[in-house]
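Have a look at the structure below, then the notes.
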Amino acid sequence: MRRIILIFKNSILRNRLTIILALAAAALMSFNFYRQINANVPVFAVDTVKFGVVDEDNSALSENLGKYLTDQLGMEVETGDYDSLSALLINRQISAIIEVPQGFEGSAISGKPENISITTLDDYENSAFIEVYINAYMRGVSIISQAADGSAEKFLEMLSSQKSPNTVTLAETNSQTDKRQKTVDAYNSSVGFMLMIISGLTVFISNQILVDRQLGTFDRMKCSSLKSSEYVVGIGMFGFICCTAANLIFNLFAYSQGEEMPVPFGLALVITELFMLFSVGLALLFALLVNGQRTLMTVGVGYATIGSMLGGVWFPIDIELGFVGSIAKIFPQFWLMDIMRKYDTGFNALPNVCILALSAVLVYLVSAVIFTKKNA
């Protein structure tokens, strides 16, 4: 252990630039996160939603539904037939098409209200809210229907006097969503940059081992009391602690500033630390396989940039992308960012964590086998 500590201290002296860059990366990512969560630009450009209505019933109930959406929720209405409204929906000029079926009021009076058909584009910003409000309205209609007990007169009388006190408007909902979404986007963006920068910093660790290989340090170790394994462990420990310091500084700052973070603090540290462990192990592997500094730099920088892109750091990589989607699963960045983007939807993060851990174990096992062969 004493020799490992000695190599660790020697690595600090030889890689001061790496330490400075790691701390600078943590400061830069913290600043980037702080700037994004405090930006005045909202996630949504407007506080209202435009939607199309195809009213085949033309009744008092369908008219009341329109007033509920426009007067109480502040939405905008575009009326017309389905074909014309579908063109607007495809062009993202409206959020959804609401179809009120013929006999809508009559079915509600009889106690069996028909469902309203809602057509949306899943990726449109406010489509989910419309469905929530429609469902809430239909629950109110169902209660009135039961109270009217089949009487059209009573039904229309209660409908005209119906009010929705304490209704949360769409603008208020958007304001809360803006704040949370802004925090999630800021954190995911900063973590993405952190993963890329850390992958690039490990090139310095690879370079230290490569230089010692070229200078014959490995060969001289065979004649000394210092074991080659102690030498590699000492350098690897330096790389891991250096990356961990940058990761810890950034996460402590982010979680002290941001509200409603995408994942719990403990989970964020676990998955990012597993990635740091993998990156250091990969750096050791590169140092054992590559024989030139230029080649090492090309491979290291290429992995940090292209690997981040293919791993889905900047944008989600879907399985539907075919070959690219399959390639993305090779990179641990994919499994880490998958947790970041899906955790708040009830996503089970355990399989992804296991894959990250196994990736780190695998890269060290491969490095150990190659290291053993080179020293045989």
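Just so we're on the same page: first chain in the structure tokens is A, next is B, and so on; residues restart at 1 for each chain, and ligands are numbered from 1 in the order they show up.
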
message: I'd like to know which residues of segment 75-305 of chain A are alpha helix (DSSP H) (by DSSP, run on the backbone); could you write them as an MDAnalysis selection string?
response: chainID A and resid 82:90 104:109 127:148 152:160 170:215 217:221 228:257 265:289 293:305

message: At a cut-off of 7 Å, using only C-alpha atoms, what residues contact segment 265-282 of chain A? Leave out same-chain residues fewer than 2 positions from it and give the result as a PyMOL selection string.
response: chain A and resi 199+202+236+239-240+243-244+263+284-286+332+336+353+356-357+359-360+363-364

Could you take the residues named above and write them with N, CA and C atoms, as a short mmCIF file (atom, residue, chain, number, x, y, z; two decimals), in the first residue's frame?
data_model
loop_
_atom_site.label_atom_id
_atom_site.label_comp_id
_atom_site.auth_asym_id
_atom_site.auth_seq_id
_atom_site.Cartn_x
_atom_site.Cartn_y
_atom_site.Cartn_z
N SER A 199 -14.11 12.30 -19.98
CA SER A 199 -13.57 11.32 -20.92
C SER A 199 -12.31 11.85 -21.58
N THR A 202 -9.12 11.86 -19.13
CA THR A 202 -8.45 10.59 -18.87
C THR A 202 -7.34 10.29 -19.88
N GLY A 236 -4.17 4.69 -11.51
CA GLY A 236 -5.62 4.59 -11.64
C GLY A 236 -6.34 5.27 -10.49
N GLY A 239 -6.36 9.00 -11.07
CA GLY A 239 -7.35 9.39 -12.07
C GLY A 239 -8.76 9.36 -11.53
N PHE A 240 -9.09 8.35 -10.76
CA PHE A 240 -10.45 8.22 -10.22
C PHE A 240 -10.74 9.32 -9.21
N CYS A 243 -11.21 12.70 -11.04
CA CYS A 243 -12.52 12.79 -11.68
C CYS A 243 -13.63 12.90 -10.64
N THR A 244 -13.48 12.19 -9.54
CA THR A 244 -14.49 12.22 -8.48
C THR A 244 -14.60 13.61 -7.86
N VAL A 263 -33.18 13.40 -10.83
CA VAL A 263 -32.95 12.16 -10.08
C VAL A 263 -32.50 12.51 -8.66
N LEU A 284 -6.69 3.30 -18.85
CA LEU A 284 -5.64 2.32 -18.63
C LEU A 284 -5.55 1.34 -19.80
N LEU A 285 -6.71 0.95 -20.32
CA LEU A 285 -6.74 0.02 -21.46
C LEU A 285 -6.12 0.66 -22.70
N PHE A 286 -6.47 1.92 -22.96
CA PHE A 286 -5.88 2.63 -24.10
C PHE A 286 -4.36 2.71 -23.98
N PRO A 332 -21.51 3.53 -22.24
CA PRO A 332 -22.15 3.71 -20.93
C PRO A 332 -22.90 5.03 -20.81
N LEU A 336 -26.53 5.93 -18.74
CA LEU A 336 -26.58 6.98 -17.73
C LEU A 336 -27.63 8.03 -18.09
N VAL A 353 -28.20 0.83 -13.82
CA VAL A 353 -27.09 0.92 -12.86
C VAL A 353 -26.23 -0.34 -12.92
N LEU A 356 -24.01 -0.21 -15.98
CA LEU A 356 -22.88 0.70 -15.76
C LEU A 356 -21.81 0.04 -14.90
N ALA A 357 -22.25 -0.64 -13.84
CA ALA A 357 -21.30 -1.31 -12.95
C ALA A 357 -20.57 -2.44 -13.67
N SER A 359 -20.06 -2.70 -16.86
CA SER A 359 -19.17 -2.11 -17.86
C SER A 359 -17.84 -1.73 -17.23
N ALA A 360 -17.90 -1.14 -16.04
CA ALA A 360 -16.67 -0.77 -15.34
C ALA A 360 -15.85 -2.01 -14.97
N VAL A 363 -14.16 -3.56 -18.19
CA VAL A 363 -13.01 -2.85 -18.74
C VAL A 363 -11.76 -3.07 -17.89
N TYR A 364 -11.93 -3.22 -16.57
CA TYR A 364 -10.77 -3.50 -15.71
C TYR A 364 -10.29 -4.94 -15.88
#

query: In terms of the shortest atom-to-atom distance over only C-alpha atoms, which of A:Ser206, A:Asn38, A:Ser107, A:Thr119 is closest to Leu296 of chain A?
result: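 Smallest separation from Leu296 of chain A among the options: A:Ser206.
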